[in-house]
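Raw contents of input.txt, compact mmCIF, C-alpha atoms (C1' of nucleotides):
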# COMPACT_ATOMS: atom_id res chain seq x y z
CA MET R 1 70.02 83.72 -38.65
CA GLU R 2 70.29 80.59 -40.72
CA ALA R 3 73.47 78.67 -41.29
CA LYS R 4 73.39 79.54 -44.98
CA THR R 5 73.30 83.21 -44.18
CA ALA R 6 76.09 82.86 -41.67
CA VAL R 7 78.27 81.11 -44.22
CA ALA R 8 77.61 83.91 -46.69
CA SER R 9 78.56 86.58 -44.16
CA LEU R 10 81.63 84.68 -43.06
CA ALA R 11 82.72 84.19 -46.67
CA ALA R 12 82.29 87.88 -47.31
CA LEU R 13 84.70 88.70 -44.50
CA ALA R 14 87.07 85.82 -45.16
CA GLN R 15 89.22 87.66 -47.63
CA ASP R 16 92.09 90.07 -47.01
CA ALA R 17 90.84 92.90 -49.17
CA ARG R 18 87.24 92.66 -48.01
CA LEU R 19 88.05 92.46 -44.32
CA ALA R 20 90.26 95.52 -44.73
CA ILE R 21 87.52 97.39 -46.56
CA PHE R 22 84.98 96.48 -43.94
CA ARG R 23 87.24 97.49 -41.08
CA LEU R 24 87.91 100.81 -42.71
CA LEU R 25 84.21 101.49 -43.11
CA VAL R 26 83.46 100.49 -39.53
CA GLN R 27 86.04 103.03 -38.43
CA LYS R 28 84.34 105.66 -40.54
CA GLY R 29 80.98 104.94 -39.03
CA PRO R 30 77.51 105.30 -40.53
CA GLU R 31 78.57 107.96 -43.01
CA GLY R 32 80.88 105.58 -44.74
CA LEU R 33 83.06 106.42 -47.72
CA CYS R 34 82.48 106.74 -51.43
CA VAL R 35 83.93 104.15 -53.77
CA GLY R 36 86.63 106.43 -55.10
CA ASP R 37 88.00 107.15 -51.65
CA ILE R 38 88.11 103.47 -50.81
CA ALA R 39 89.85 102.71 -54.07
CA ALA R 40 92.38 105.44 -53.36
CA LYS R 41 93.02 104.03 -49.90
CA PHE R 42 93.86 100.59 -51.20
CA GLY R 43 94.99 101.34 -54.72
CA MET R 44 92.97 98.57 -56.27
CA ALA R 45 91.31 98.47 -59.68
CA ALA R 46 87.83 99.93 -59.72
CA ALA R 47 86.34 96.73 -61.05
CA THR R 48 87.96 94.70 -58.31
CA LEU R 49 86.72 97.01 -55.60
CA SER R 50 83.25 97.01 -57.06
CA PHE R 51 83.28 93.22 -56.95
CA HIS R 52 84.23 93.17 -53.29
CA LEU R 53 81.70 95.83 -52.34
CA LYS R 54 79.01 93.79 -54.02
CA GLU R 55 80.03 90.71 -52.07
CA LEU R 56 79.89 92.55 -48.77
CA THR R 57 76.63 94.25 -49.64
CA SER R 58 74.81 91.15 -50.76
CA ALA R 59 76.00 89.42 -47.62
CA GLY R 60 74.17 92.14 -45.71
CA LEU R 61 77.29 93.64 -44.18
CA LEU R 62 77.30 96.94 -46.04
CA VAL R 63 74.66 99.37 -47.19
CA ALA R 64 75.04 101.74 -50.12
CA ARG R 65 73.51 105.16 -50.57
CA GLN R 66 73.77 107.44 -53.54
CA GLU R 67 74.78 111.01 -52.95
CA GLY R 68 75.13 112.96 -56.15
CA ARG R 69 77.50 111.19 -58.45
CA PHE R 70 79.04 109.32 -55.58
CA ILE R 71 77.96 106.13 -53.91
CA TYR R 72 78.69 105.83 -50.24
CA TYR R 73 79.14 102.48 -48.59
CA ALA R 74 78.72 102.14 -44.85
CA PRO R 75 78.61 99.19 -42.47
CA ASN R 76 75.28 97.54 -41.84
CA PHE R 77 75.60 97.12 -38.11
CA GLU R 78 72.49 95.00 -37.88
CA GLY R 79 73.96 92.49 -40.26
CA MET R 80 77.23 92.35 -38.40
CA ASN R 81 75.42 92.06 -35.11
CA ALA R 82 73.41 89.15 -36.43
CA LEU R 83 76.60 87.38 -37.46
CA VAL R 84 78.31 87.88 -34.13
CA SER R 85 75.18 86.71 -32.33
CA TYR R 86 75.02 83.63 -34.51
CA LEU R 87 78.61 82.80 -33.73
CA THR R 88 78.28 83.22 -30.00
CA GLU R 89 75.03 81.29 -29.86
CA ASN R 90 75.90 78.45 -32.19
CA CYS R 91 79.64 78.22 -32.25
CA CYS R 92 80.55 78.98 -28.68
CA GLY R 93 79.01 77.35 -25.68
CA GLY R 94 76.28 80.00 -25.60
CA GLU R 95 77.47 82.90 -23.43
CA THR R 96 80.86 84.10 -24.49
CA CYS R 97 82.86 81.13 -25.60
CA ALA R 98 82.67 78.79 -22.66
CA PRO R 99 84.09 75.28 -22.91
CA ALA R 100 80.56 73.89 -23.10
CA ARG R 101 77.92 73.74 -20.46
CA ARG R 102 79.53 70.96 -18.41
CA PRO R 103 80.52 71.99 -14.87
CA VAL R 104 84.17 71.09 -14.96
CA ALA R 105 84.00 67.85 -16.84
CA ARG R 106 84.24 64.95 -14.48
CA LYS R 107 86.36 62.19 -15.97
CA ARG R 108 84.44 59.99 -18.42
CA LYS R 109 84.36 56.26 -18.40
CA GLU R 110 87.41 55.75 -20.63
CA LYS R 111 86.15 55.72 -24.22
CA ILE R 112 86.34 52.87 -26.72
CA THR R 113 90.13 52.72 -26.78
CA MET O 1 94.77 88.61 -33.22
CA GLU O 2 96.07 89.78 -36.57
CA ALA O 3 93.93 90.37 -39.61
CA LYS O 4 95.62 87.47 -41.40
CA THR O 5 94.68 85.11 -38.63
CA ALA O 6 91.13 86.39 -38.58
CA VAL O 7 90.79 85.83 -42.30
CA ALA O 8 92.05 82.29 -41.87
CA SER O 9 89.55 81.56 -39.10
CA LEU O 10 86.71 83.15 -41.04
CA ALA O 11 87.60 81.18 -44.14
CA ALA O 12 87.63 77.99 -42.12
CA LEU O 13 84.06 78.61 -40.99
CA ALA O 14 82.85 80.03 -44.29
CA GLN O 15 81.84 76.73 -45.79
CA ASP O 16 78.66 74.72 -45.29
CA ALA O 17 80.28 71.45 -44.37
CA ARG O 18 82.86 72.97 -42.08
CA LEU O 19 80.45 75.21 -40.23
CA ALA O 20 78.20 72.20 -39.69
CA ILE O 21 81.10 70.13 -38.42
CA PHE O 22 82.20 72.88 -36.09
CA ARG O 23 78.70 73.42 -34.73
CA LEU O 24 78.31 69.71 -34.08
CA LEU O 25 81.57 69.62 -32.16
CA VAL O 26 80.68 72.68 -30.13
CA GLN O 27 77.49 70.91 -29.12
CA LYS O 28 79.50 67.89 -28.07
CA GLY O 29 81.79 69.97 -25.92
CA PRO O 30 85.43 69.42 -24.99
CA GLU O 31 85.25 65.68 -25.46
CA GLY O 32 84.51 66.06 -29.11
CA LEU O 33 83.95 63.21 -31.55
CA CYS O 34 86.15 60.83 -33.43
CA VAL O 35 86.49 61.18 -37.17
CA GLY O 36 84.41 58.10 -37.92
CA ASP O 37 81.46 59.39 -35.94
CA ILE O 38 81.58 62.73 -37.70
CA ALA O 39 81.78 61.02 -41.06
CA ALA O 40 78.77 58.89 -40.16
CA LYS O 41 76.82 61.98 -39.15
CA PHE O 42 77.35 63.70 -42.47
CA GLY O 43 77.93 60.80 -44.80
CA MET O 44 80.88 62.38 -46.51
CA ALA O 45 83.96 60.68 -47.93
CA ALA O 46 86.70 60.14 -45.38
CA ALA O 47 89.18 62.09 -47.47
CA THR O 48 86.84 65.05 -47.73
CA LEU O 49 86.20 65.12 -44.01
CA SER O 50 89.88 64.85 -43.30
CA PHE O 51 90.47 67.85 -45.53
CA HIS O 52 87.91 69.94 -43.68
CA LEU O 53 89.17 68.90 -40.26
CA LYS O 54 92.64 69.94 -41.28
CA GLU O 55 91.36 73.33 -42.38
CA LEU O 56 89.58 73.91 -39.10
CA THR O 57 92.49 72.65 -37.07
CA SER O 58 95.14 74.71 -38.77
CA ALA O 59 92.90 77.74 -38.38
CA GLY O 60 93.10 77.11 -34.65
CA LEU O 61 89.42 76.30 -34.26
CA LEU O 62 89.73 72.62 -33.46
CA VAL O 63 92.12 70.52 -31.46
CA ALA O 64 92.80 66.86 -32.07
CA ARG O 65 93.74 64.22 -29.57
CA GLN O 66 94.56 60.61 -30.20
CA GLU O 67 92.80 57.99 -28.13
CA GLY O 68 93.75 54.52 -29.15
CA ARG O 69 93.09 54.03 -32.80
CA PHE O 70 90.71 56.92 -32.85
CA ILE O 71 91.37 60.61 -33.21
CA TYR O 72 89.02 62.94 -31.42
CA TYR O 73 88.40 66.45 -32.61
CA ALA O 74 87.04 69.04 -30.23
CA PRO O 75 86.50 72.80 -30.46
CA ASN O 76 89.33 75.05 -29.45
CA PHE O 77 87.33 77.56 -27.48
CA GLU O 78 90.28 79.89 -27.12
CA GLY O 79 90.60 80.17 -30.87
CA MET O 80 86.91 80.79 -31.32
CA ASN O 81 86.93 83.31 -28.53
CA ALA O 82 89.80 85.15 -30.16
CA LEU O 83 87.87 85.35 -33.41
CA VAL O 84 84.70 86.66 -31.80
CA SER O 85 86.74 89.21 -29.87
CA TYR O 86 88.46 90.32 -33.03
CA LEU O 87 85.14 90.80 -34.76
CA THR O 88 83.56 92.78 -31.96
CA GLU O 89 86.63 94.93 -31.48
CA ASN O 90 87.52 95.60 -35.10
CA CYS O 91 84.37 95.08 -37.06
CA CYS O 92 81.72 96.47 -34.77
CA GLY O 93 81.89 99.82 -33.09
CA GLY O 94 83.73 98.31 -30.12
CA GLU O 95 81.16 97.14 -27.57
CA THR O 96 78.56 94.94 -29.19
CA CYS O 97 77.88 96.27 -32.63
CA ALA O 98 77.04 99.90 -32.06
CA PRO O 99 76.52 102.22 -35.03
CA ALA O 100 79.88 103.82 -34.31
CA ARG O 101 80.77 106.07 -31.44
CA ARG O 102 78.90 109.11 -32.69
CA PRO O 103 76.03 110.28 -30.46
CA VAL O 104 73.23 110.30 -32.94
CA ALA O 105 74.97 111.69 -35.97
CA ARG O 106 74.08 115.32 -36.44
CA LYS O 107 73.60 116.11 -40.11
CA ARG O 108 76.85 116.71 -41.98
CA LYS O 109 77.58 119.66 -44.12
CA GLU O 110 76.18 118.19 -47.36
CA LYS O 111 79.05 116.33 -48.95
CA ILE O 112 80.66 117.02 -52.32
CA THR O 113 77.50 116.45 -54.33
C1' DT K 1 72.54 118.23 -75.59
C1' DC K 2 77.28 117.11 -74.74
C1' DC K 3 81.14 116.25 -71.82
C1' DA K 4 83.56 114.67 -67.72
C1' DT K 5 83.58 111.89 -63.74
C1' DA K 6 81.99 107.91 -60.82
C1' DT K 7 80.77 103.39 -60.65
C1' DT K 8 79.23 99.07 -62.38
C1' DT K 9 78.88 95.18 -65.62
C1' DC K 10 81.02 92.17 -68.95
C1' DT K 11 84.51 89.01 -70.15
C1' DA K 12 88.30 86.34 -69.63
C1' DG K 13 92.50 84.65 -67.52
C1' DT K 14 94.48 82.81 -63.32
C1' DA K 15 94.33 80.96 -58.80
C1' DT K 16 92.30 78.73 -55.04
C1' DT K 17 89.12 75.40 -53.00
C1' DA K 18 86.19 71.19 -52.73
C1' DT K 19 85.50 66.42 -53.63
C1' DC K 20 86.72 61.71 -53.72
C1' DG K 21 88.96 57.11 -55.08
C1' DA K 22 93.08 54.84 -54.21
C1' DA K 23 97.19 54.21 -51.82
C1' DA K 24 99.84 55.04 -47.62
C1' DT K 25 100.38 55.28 -42.58
C1' DA K 26 99.27 54.33 -37.77
C1' DT K 27 97.43 51.64 -33.99
C1' DA K 28 95.65 47.67 -31.57
C1' DG K 29 94.98 42.89 -30.98
C1' DG K 30 95.67 38.02 -32.07
C1' DC J 1 104.50 39.28 -37.60
C1' DC J 2 99.86 39.57 -39.62
C1' DT J 3 95.32 41.30 -40.01
C1' DA J 4 91.67 44.57 -39.40
C1' DT J 5 90.21 49.16 -38.54
C1' DA J 6 90.91 54.33 -38.41
C1' DT J 7 92.64 58.17 -40.51
C1' DT J 8 95.53 60.77 -43.58
C1' DT J 9 97.99 61.83 -47.87
C1' DC J 10 98.21 61.78 -52.91
C1' DG J 11 96.55 62.85 -57.40
C1' DA J 12 93.22 64.26 -60.45
C1' DT J 13 88.96 66.72 -61.62
C1' DA J 14 85.37 69.98 -61.12
C1' DA J 15 83.68 74.10 -59.16
C1' DT J 16 84.22 78.62 -57.32
C1' DA J 17 86.52 82.96 -56.40
C1' DC J 18 89.82 86.89 -57.49
C1' DT J 19 91.68 90.28 -60.58
C1' DA J 20 91.53 93.65 -63.98
C1' DG J 21 90.96 95.81 -68.78
C1' DA J 22 87.39 97.42 -71.60
C1' DA J 23 82.79 98.71 -72.41
C1' DA J 24 78.43 100.25 -70.47
C1' DT J 25 75.55 103.09 -67.36
C1' DA J 26 74.45 106.97 -64.31
C1' DT J 27 74.84 111.60 -62.66
C1' DG J 28 75.80 116.46 -62.67
C1' DG J 29 77.30 120.54 -64.87
C1' DA J 30 78.39 123.62 -69.01

Rewrite the structure from the file as structure tokens, please.
Amino acid sequence: MEAKTAVASLAALAQDARLAIFRLLVQKGPEGLCVGDIAAKFGMAAATLSFHLKELTSAGLLVARQEGRFIYYAPNFEGMNALVSYLTENCCGGETCAPARRPVARKRKEKIT
Amino acid sequence: MEAKTAVASLAALAQDARLAIFRLLVQKGPEGLCVGDIAAKFGMAAATLSFHLKELTSAGLLVARQEGRFIYYAPNFEGMNALVSYLTENCCGGETCAPARRPVARKRKEKIT
DNA sequence: TCCATATTTCTAGTATTATCGAAATATAGG
DNA sequence: CCTATATTTCGATAATACTAGAAATATGGA
């Protein structure tokens, strides 16, 4: 995953409403929920919700499927996985979130000061 | 970690310049880099960099330490760890990023349609 | 075809964020 | 104390994001 993509995914989740929506859908699993049900859950204007769903979808974090008159949104686990992998690989020390590869950090030679 | 906190951390990383800064510091490890060196690396105005460092720091992703006239910024691995944990626990199926707990998802009874 | 419901797109107002020059603050050394 | 360097804060501007009403589009059923 490229940095650009990571920023897009992070931005998609970096918003109260969207994180809440995403968490709700993750709970629901692959079946997801239709837009109306999500709107009901949060009581937000349809247009607003649509905007947020679009953000999450184009960031690759949700997938939509039409089912009759309803559109169901569900988490795209691959996308989320890619983000988490990116973060652990590039923004932690590798592994989990180790304080960098150094053994224990022997004292350094007293910087510039 | 609360949702609010997660949003703050995500927002801190959801920006080209800041993600780049953070990645650079993670590479450098616990010693970090002083502001001048970071500025040199990216060629951005001091004020702009200072703004971004403040964002990252108040989101709990960086820690600053003074060393003579210089201020060193280094990753706060605990903060980053907390964020990654939050994401895997709340935004994936639990574990890594499983497609939810359901076995294989037996067909559902044909929704509303 | 016509109507009702679901969802999106358009448009615009407001709010938040990013950038940067200039001024302010802090620290060290002479 | 004075100067030089490092960094932050201030203030202003430009860019981007959020919200929601109204209009448009899509789908299914009578």

Chain O on chain R, least-squares, complete ordered Cα pairing, as a tab-separated table (two decimals) with C-alpha atoms, in the frame of the given file:
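The new file out-v1.tsv reads:
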chain	number	residue	atom	x	y	z
O	1	MET	CA	69.98	83.78	-38.68
O	2	GLU	CA	70.27	80.61	-40.73
O	3	ALA	CA	73.47	78.69	-41.26
O	4	LYS	CA	73.40	79.56	-44.96
O	5	THR	CA	73.30	83.23	-44.18
O	6	ALA	CA	76.09	82.90	-41.66
O	7	VAL	CA	78.27	81.14	-44.19
O	8	ALA	CA	77.62	83.93	-46.67
O	9	SER	CA	78.56	86.61	-44.15
O	10	LEU	CA	81.65	84.71	-43.04
O	11	ALA	CA	82.73	84.20	-46.62
O	12	ALA	CA	82.31	87.90	-47.29
O	13	LEU	CA	84.71	88.73	-44.47
O	14	ALA	CA	87.08	85.85	-45.12
O	15	GLN	CA	89.27	87.68	-47.58
O	16	ASP	CA	92.11	90.11	-46.94
O	17	ALA	CA	90.87	92.91	-49.12
O	18	ARG	CA	87.28	92.66	-48.00
O	19	LEU	CA	88.05	92.47	-44.31
O	20	ALA	CA	90.26	95.53	-44.70
O	21	ILE	CA	87.54	97.39	-46.55
O	22	PHE	CA	84.97	96.48	-43.94
O	23	ARG	CA	87.22	97.50	-41.06
O	24	LEU	CA	87.91	100.84	-42.70
O	25	LEU	CA	84.21	101.50	-43.12
O	26	VAL	CA	83.44	100.51	-39.55
O	27	GLN	CA	86.00	103.06	-38.44
O	28	LYS	CA	84.32	105.68	-40.58
O	29	GLY	CA	80.94	104.96	-39.06
O	30	PRO	CA	77.47	105.31	-40.57
O	31	GLU	CA	78.53	107.96	-43.04
O	32	GLY	CA	80.86	105.58	-44.76
O	33	LEU	CA	83.03	106.42	-47.76
O	34	CYS	CA	82.48	106.73	-51.45
O	35	VAL	CA	83.92	104.14	-53.77
O	36	GLY	CA	86.62	106.44	-55.10
O	37	ASP	CA	87.97	107.16	-51.65
O	38	ILE	CA	88.11	103.49	-50.80
O	39	ALA	CA	89.87	102.74	-54.06
O	40	ALA	CA	92.40	105.47	-53.32
O	41	LYS	CA	93.03	104.04	-49.87
O	42	PHE	CA	93.86	100.60	-51.19
O	43	GLY	CA	95.01	101.33	-54.69
O	44	MET	CA	93.02	98.55	-56.25
O	45	ALA	CA	91.37	98.46	-59.66
O	46	ALA	CA	87.89	99.93	-59.70
O	47	ALA	CA	86.42	96.72	-61.04
O	48	THR	CA	88.02	94.68	-58.29
O	49	LEU	CA	86.76	96.99	-55.58
O	50	SER	CA	83.31	96.98	-57.07
O	51	PHE	CA	83.34	93.19	-56.95
O	52	HIS	CA	84.27	93.15	-53.28
O	53	LEU	CA	81.73	95.80	-52.35
O	54	LYS	CA	79.06	93.76	-54.05
O	55	GLU	CA	80.07	90.69	-52.08
O	56	LEU	CA	79.91	92.54	-48.79
O	57	THR	CA	76.67	94.23	-49.67
O	58	SER	CA	74.84	91.13	-50.78
O	59	ALA	CA	76.03	89.42	-47.62
O	60	GLY	CA	74.17	92.13	-45.74
O	61	LEU	CA	77.29	93.65	-44.20
O	62	LEU	CA	77.30	96.93	-46.07
O	63	VAL	CA	74.66	99.35	-47.23
O	64	ALA	CA	75.03	101.70	-50.16
O	65	ARG	CA	73.50	105.09	-50.63
O	66	GLN	CA	73.75	107.36	-53.60
O	67	GLU	CA	74.73	110.96	-53.03
O	68	GLY	CA	75.03	112.87	-56.23
O	69	ARG	CA	77.45	111.16	-58.52
O	70	PHE	CA	78.99	109.31	-55.65
O	71	ILE	CA	77.93	106.11	-53.97
O	72	TYR	CA	78.67	105.80	-50.29
O	73	TYR	CA	79.14	102.47	-48.62
O	74	ALA	CA	78.69	102.14	-44.89
O	75	PRO	CA	78.59	99.18	-42.50
O	76	ASN	CA	75.27	97.55	-41.87
O	77	PHE	CA	75.58	97.15	-38.14
O	78	GLU	CA	72.46	95.03	-37.93
O	79	GLY	CA	73.94	92.49	-40.29
O	80	MET	CA	77.21	92.39	-38.41
O	81	ASN	CA	75.39	92.12	-35.13
O	82	ALA	CA	73.39	89.20	-36.44
O	83	LEU	CA	76.57	87.42	-37.44
O	84	VAL	CA	78.28	87.94	-34.10
O	85	SER	CA	75.14	86.77	-32.32
O	86	TYR	CA	74.99	83.69	-34.48
O	87	LEU	CA	78.58	82.86	-33.68
O	88	THR	CA	78.23	83.30	-29.95
O	89	GLU	CA	74.98	81.38	-29.83
O	90	ASN	CA	75.84	78.51	-32.14
O	91	CYS	CA	79.58	78.28	-32.18
O	92	CYS	CA	80.50	79.06	-28.60
O	93	GLY	CA	78.94	77.45	-25.60
O	94	GLY	CA	76.20	80.09	-25.52
O	95	GLU	CA	77.39	83.00	-23.37
O	96	THR	CA	80.79	84.19	-24.47
O	97	CYS	CA	82.79	81.19	-25.52
O	98	ALA	CA	82.59	78.87	-22.55
O	99	PRO	CA	84.05	75.37	-22.78
O	100	ALA	CA	80.53	73.96	-22.98
O	101	ARG	CA	77.98	73.80	-20.23
O	102	ARG	CA	79.64	71.02	-18.28
O	103	PRO	CA	80.81	71.97	-14.77
O	104	VAL	CA	84.40	70.95	-14.98
O	105	ALA	CA	84.12	67.73	-16.90
O	106	ARG	CA	84.46	64.78	-14.57
O	107	LYS	CA	86.50	62.03	-16.18
O	108	ARG	CA	84.51	59.86	-18.57
O	109	LYS	CA	84.38	56.15	-18.50
O	110	GLU	CA	87.41	55.57	-20.76
O	111	LYS	CA	86.05	55.54	-24.28
O	112	ILE	CA	86.17	52.68	-26.77
O	113	THR	CA	89.95	52.47	-26.86

Neighbours of chain O in chain K at 10 Å, counting all atoms listed in the file, as a short mmCIF file (atom, residue, chain, number, x, y, z; two decimals) with C-alpha atoms (C1' of nucleotides), in the coordinates of the input:
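File written: selection-v9.cif
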data_model
loop_
_atom_site.label_atom_id
_atom_site.label_comp_id
_atom_site.auth_asym_id
_atom_site.auth_seq_id
_atom_site.Cartn_x
_atom_site.Cartn_y
_atom_site.Cartn_z
"C1'" DA K 18 86.19 71.19 -52.73
"C1'" DT K 19 85.50 66.42 -53.63
"C1'" DC K 20 86.72 61.71 -53.72
"C1'" DG K 21 88.96 57.11 -55.08
"C1'" DA K 26 99.27 54.33 -37.77
"C1'" DT K 27 97.43 51.64 -33.99
"C1'" DA K 28 95.65 47.67 -31.57
#

Per residue of chain O within 6 Å of chain R, what are the shortest atom pair and its distance in Å to one decimal, counting only C-alpha atoms, with rows by chain and residue number, as a Markdown table?
| residue | atom | partner | partner_atom | distance |
| --- | --- | --- | --- | --- |
| O:Val7 | CA | R:Ala14 | CA | 4.7 |
| O:Leu10 | CA | R:Ala14 | CA | 4.9 |
| O:Ala11 | CA | R:Ala14 | CA | 4.8 |
| O:Ala14 | CA | R:Val7 | CA | 4.7 |
| O:Gln15 | CA | R:Val7 | CA | 5.9 |
| O:Arg23 | CA | R:Cys91 | CA | 5.5 |
| O:Gly29 | CA | R:Ala100 | CA | 5.0 |
| O:Gly68 | CA | R:Thr113 | CA | 4.7 |
| O:Asn81 | CA | R:Cys97 | CA | 5.5 |
| O:Cys91 | CA | R:Arg23 | CA | 5.5 |
| O:Cys97 | CA | R:Asn81 | CA | 5.5 |
| O:Ala100 | CA | R:Gly29 | CA | 5.0 |
| O:Thr113 | CA | R:Gly68 | CA | 4.6 |

- Message: Could you tell me how far atom C1' of J:DT27 sits from atom C1' of K:DT5, in Å to one decimal place?
- Response: 8.8 Å

- Contact residues (chain J, partner chain O, 8 Å, all atoms listed in the file) as a ChimeraX atom specification: /J:6-8

Padding of 6 Å on every side, edges along x, y and z, all listed atoms of stretch 9-18 of chain O included: what centre and edge lengths in Å, to one decimal, does that box have, as AutoDock Vina command-line options?
--center_x 84.1 --center_y 77.3 --center_z -42.4 --size_x 22.9 --size_y 23.7 --size_z 18.7

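Nearest to O:Leu33 of all the residues O:Val63, O:Glu2, O:Ile21, O:Tyr72 is O:Tyr72, based on all atoms listed in the file.
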
- Query: What would the list of residues within 8 Å of (101.6, 58.8, -54.4) (file frame) look like as a ChimeraX atom specification, if only C-alpha atoms (C1' of nucleotides) are what count?
  - Reply: /K:23-24 /J:10-11

- Message: Quick check, in Å to one decimal: how far apart do atom CA of R:Ala59 and atom CA of R:Thr5 lie?
- Response: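 Here the two named atoms are 7.6 Å from each other.
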
- Message: Between atom C1' of J:DC18 and atom CA of R:Gly32, what is the distance in Å, rounded to a tenth?
- Response: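 Atom C1' of J:DC18 sits 24.3 Å away from atom CA of R:Gly32.
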
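Residues having any atom no farther than 7 Å from (83.9, 92.6, -65.8) (counting all atoms listed in the file) are Ala47 of chain R; DT9, DC10 and DT11 of chain K.
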